[in-house]
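Student: Following this message is one structure expressed as structure tokens.
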Amino acid sequence: MTRATAARAKVDVVLIDAAWARALPGVERLVRKAARAVLRAKTRSLTVALSDDKRVQALNKRDRRKDKPTNVLSYPSGEKAFLGDIVLARQTVWREAREQKKTPADHVAHLVVHGTLHLLGYDHETSDADAERMEALERRILKKLGIADPYTPSS
């Protein structure tokens, strides 16, 4: 095992909705790259589930009492090594990318970074200061991935 390989965080990707692979070839590699841009310690791992609106709506209703699909849900494990699970809803992600004039790949990467930060304990709903801190970190990570600031409106 090389040094570069040893330093990689373990990111499992579960393809629940096969349409992800058809709509965005290489999506699993993209998800791993985005999550690893946040995680530096090799002892950390997480799982990203690529799902659809119907399944995410059911989870959102059950866990957040919001009966609608959402782009990303994060489920922290409370453990140090295994951080938890992230679930993305394909139709919502694609719709948002279109509405925000972003590529689906850039939007997926942003949501994986966002969800991973939630697993690490970052929160944007508690206070404006926390939101600003989390967004600034997202911007720095995404810039390293060559992705434009997701919080600057496109023209």
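Quick note on naming: the chains in the structure tokens go A, B, ... in the order shown, residues restart at 1 in each chain, and ligands are numbered from 1 in order of appearance.
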Assign secondary structure with DSSP using the backbone only, and return the residues of region 39-124 of chain A in helix (DSSP H, G or I) as a PyMOL selection string.

Tutor: chain A and resi 53-64+90-99+104-119

Student: So that I can see what lies close to Ala21 (chain A), please list as a PyMOL selection string the residues with an atom at most 12 Å from it, counting only C-alpha atoms and leaving out residues fewer than 4 positions away in the same chain.

Tutor: chain A and resi 13-17+25-31+50-51+90+105

Student: Please produce a file of those selected residues containing C-alpha atoms, as a PDB file, in the first residue's frame.

Tutor:
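Saved result, result11.pdb, follows:
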```pdb
ATOM      1  CA  VAL A  13     -21.083   4.703  -2.204  1.00  0.00           C
ATOM      2  CA  VAL A  14     -24.395   2.858  -2.387  1.00  0.00           C
ATOM      3  CA  LEU A  15     -26.286   3.244  -5.646  1.00  0.00           C
ATOM      4  CA  ILE A  16     -29.922   2.902  -4.583  1.00  0.00           C
ATOM      5  CA  ASP A  17     -31.263   4.657  -7.689  1.00  0.00           C
ATOM      6  CA  PRO A  25     -21.286   8.756 -15.403  1.00  0.00           C
ATOM      7  CA  GLY A  26     -18.487   8.564 -12.851  1.00  0.00           C
ATOM      8  CA  VAL A  27     -20.751   9.790 -10.025  1.00  0.00           C
ATOM      9  CA  GLU A  28     -19.270   7.319  -7.530  1.00  0.00           C
ATOM     10  CA  ARG A  29     -15.734   8.580  -8.179  1.00  0.00           C
ATOM     11  CA  LEU A  30     -16.988  12.199  -7.893  1.00  0.00           C
ATOM     12  CA  VAL A  31     -18.673  11.473  -4.545  1.00  0.00           C
ATOM     13  CA  LEU A  50     -27.451   7.925  -4.042  1.00  0.00           C
ATOM     14  CA  SER A  51     -31.211   7.679  -3.870  1.00  0.00           C
ATOM     15  CA  ARG A  90     -31.437  12.569  -7.552  1.00  0.00           C
ATOM     16  CA  ALA A 105     -21.473  17.329 -11.011  1.00  0.00           C
TER      17      ALA A 105
END
```

Student: Excluding Arg139 (chain A) and residues on its chain fewer than 5 positions from it, collect all residues at most 9 Å away from it, counting only C-alpha atoms, and give them as an MDAnalysis selection string.

Tutor: chainID A and resid 110 134 144 147:151

Student: Choose the residue, out of A:Ala58, A:Leu111, A:Ala136, A:Leu145, that has the smallest atom-to-atom separation from Ala97 (chain A); count only C-alpha atoms.

Tutor: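 Among the listed residues, A:Leu111 lies closest to Ala97 (chain A).
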
Student: For His124 (chain A), work out the shell of residues within 12 Å, counting only C-alpha atoms and skipping chain neighbours fewer than 4 positions away, then give it as a list in words.

Tutor: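 Here the qualifying residues turn out to be His114, Gly115, Leu117, His118, Asp128, Ala129, Asp130, Ala131, Glu132, Arg133, Met134, Glu135, Ala136, Leu137 and Glu138 of chain A.
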
Student: So that I have them on file, write out the residues from the current selection with C-alpha atoms, as a PDB file, in the first residue's frame.

Tutor:
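That gives us part_23.pdb:
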```pdb
ATOM      1  CA  HIS A 114     -21.988  19.933   2.836  1.00  0.00           C
ATOM      2  CA  GLY A 115     -23.254  16.587   4.140  1.00  0.00           C
ATOM      3  CA  LEU A 117     -19.337  18.677   7.199  1.00  0.00           C
ATOM      4  CA  HIS A 118     -22.646  17.942   8.942  1.00  0.00           C
ATOM      5  CA  ASP A 128     -25.790  32.953  11.520  1.00  0.00           C
ATOM      6  CA  ALA A 129     -22.195  32.712  12.748  1.00  0.00           C
ATOM      7  CA  ASP A 130     -22.266  28.904  12.459  1.00  0.00           C
ATOM      8  CA  ALA A 131     -23.769  29.176   8.974  1.00  0.00           C
ATOM      9  CA  GLU A 132     -21.067  31.628   7.882  1.00  0.00           C
ATOM     10  CA  ARG A 133     -18.328  29.382   9.305  1.00  0.00           C
ATOM     11  CA  MET A 134     -19.695  26.309   7.519  1.00  0.00           C
ATOM     12  CA  GLU A 135     -20.210  28.127   4.216  1.00  0.00           C
ATOM     13  CA  ALA A 136     -16.681  29.569   4.318  1.00  0.00           C
ATOM     14  CA  LEU A 137     -15.259  26.095   4.827  1.00  0.00           C
ATOM     15  CA  GLU A 138     -17.393  24.729   1.978  1.00  0.00           C
TER      16      GLU A 138
END
```

Student: Write out as a PyMOL selection string all residues of region 13-153 of chain A that DSSP puts in strand (DSSP E) for this structure's backbone.

Tutor: chain A and resi 13-15+45-51+72-76+82-89

Student: Any idea what's packed within 10 Å of Lys10 (chain A), counting only C-alpha atoms, ignoring anything in its chain fewer than 5 positions away? Could you give it as a PDB file with N, CA and C atoms, in the first residue's frame?

Tutor:
```pdb
ATOM      1  N   ARG A  32     -16.693  10.174  -3.970  1.00  0.00           N
ATOM      2  CA  ARG A  32     -15.529   9.846  -3.138  1.00  0.00           C
ATOM      3  C   ARG A  32     -14.534  11.004  -3.084  1.00  0.00           C
ATOM      4  N   ALA A  35     -15.981  13.849  -0.822  1.00  0.00           N
ATOM      5  CA  ALA A  35     -15.936  13.501   0.605  1.00  0.00           C
ATOM      6  C   ALA A  35     -14.506  13.490   1.116  1.00  0.00           C
ATOM      7  N   ARG A  36     -13.594  12.962   0.313  1.00  0.00           N
ATOM      8  CA  ARG A  36     -12.190  12.906   0.739  1.00  0.00           C
ATOM      9  C   ARG A  36     -11.551  14.286   0.811  1.00  0.00           C
ATOM     10  N   LEU A  39     -12.395  15.010   4.399  1.00  0.00           N
ATOM     11  CA  LEU A  39     -11.791  14.096   5.376  1.00  0.00           C
ATOM     12  C   LEU A  39     -10.311  13.926   5.104  1.00  0.00           C
ATOM     13  N   ALA A  41      -8.160  12.302   7.670  1.00  0.00           N
ATOM     14  CA  ALA A  41      -7.642  11.185   8.467  1.00  0.00           C
ATOM     15  C   ALA A  41      -8.045   9.858   7.848  1.00  0.00           C
ATOM     16  N   LYS A  42      -7.093   8.961   7.725  1.00  0.00           N
ATOM     17  CA  LYS A  42      -7.383   7.657   7.122  1.00  0.00           C
ATOM     18  C   LYS A  42      -8.303   6.819   8.003  1.00  0.00           C
ATOM     19  N   THR A  43      -8.429   7.172   9.250  1.00  0.00           N
ATOM     20  CA  THR A  43      -9.256   6.387  10.159  1.00  0.00           C
ATOM     21  C   THR A  43     -10.727   6.765  10.082  1.00  0.00           C
ATOM     22  N   ARG A  44     -11.059   7.698   9.223  1.00  0.00           N
ATOM     23  CA  ARG A  44     -12.441   8.139   9.091  1.00  0.00           C
ATOM     24  C   ARG A  44     -13.101   7.442   7.907  1.00  0.00           C
ATOM     25  N   SER A  45     -14.394   7.180   8.055  1.00  0.00           N
ATOM     26  CA  SER A  45     -15.147   6.618   6.941  1.00  0.00           C
ATOM     27  C   SER A  45     -16.583   7.102   6.998  1.00  0.00           C
ATOM     28  N   LEU A  46     -17.269   6.977   5.873  1.00  0.00           N
ATOM     29  CA  LEU A  46     -18.676   7.342   5.783  1.00  0.00           C
ATOM     30  C   LEU A  46     -19.282   6.604   4.607  1.00  0.00           C
ATOM     31  N   THR A  47     -20.606   6.642   4.533  1.00  0.00           N
ATOM     32  CA  THR A  47     -21.325   6.046   3.419  1.00  0.00           C
ATOM     33  C   THR A  47     -22.205   7.119   2.787  1.00  0.00           C
ATOM     34  N   ALA A  81     -14.558   7.035  14.200  1.00  0.00           N
ATOM     35  CA  ALA A  81     -14.031   6.463  12.968  1.00  0.00           C
ATOM     36  C   ALA A  81     -15.071   6.441  11.850  1.00  0.00           C
ATOM     37  N   PHE A  82     -16.250   5.872  12.120  1.00  0.00           N
ATOM     38  CA  PHE A  82     -17.321   5.875  11.123  1.00  0.00           C
ATOM     39  C   PHE A  82     -18.202   7.084  11.399  1.00  0.00           C
TER      40      PHE A  82
END
```

Student: Quick one: everything within 6 Å of region 64-72 of chain A, counting only C-alpha atoms, minus sequence neighbours fewer than 6 positions away in the same chain. Send it as a PyMOL selection string.

Tutor: chain A and resi 53+56-57+87-89+92-93

Student: Hey, which of A:Ala23, A:Leu59, A:Ile86, A:Ala9 ends up closest to Thr103 (chain A)? Count only C-alpha atoms.

Tutor: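 Closest candidate: A:Ala23.
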
Student: I need the residue nearest Val38 (chain A) from this list: A:Leu119, A:Ala18, A:Lys101, A:Trp94. Use only C-alpha atoms for the distance.

Tutor: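 The shortest atom-to-atom distance to Val38 (chain A) comes from A:Leu119.
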
Student: Counting only C-alpha atoms, which residue out of A:Ala19, A:Val108, A:Gly146, A:Asp12 sits closest to Asp52 (chain A)?

Tutor: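 Looking only at the distances to Asp52 (chain A), the closest residue turns out to be A:Ala19.
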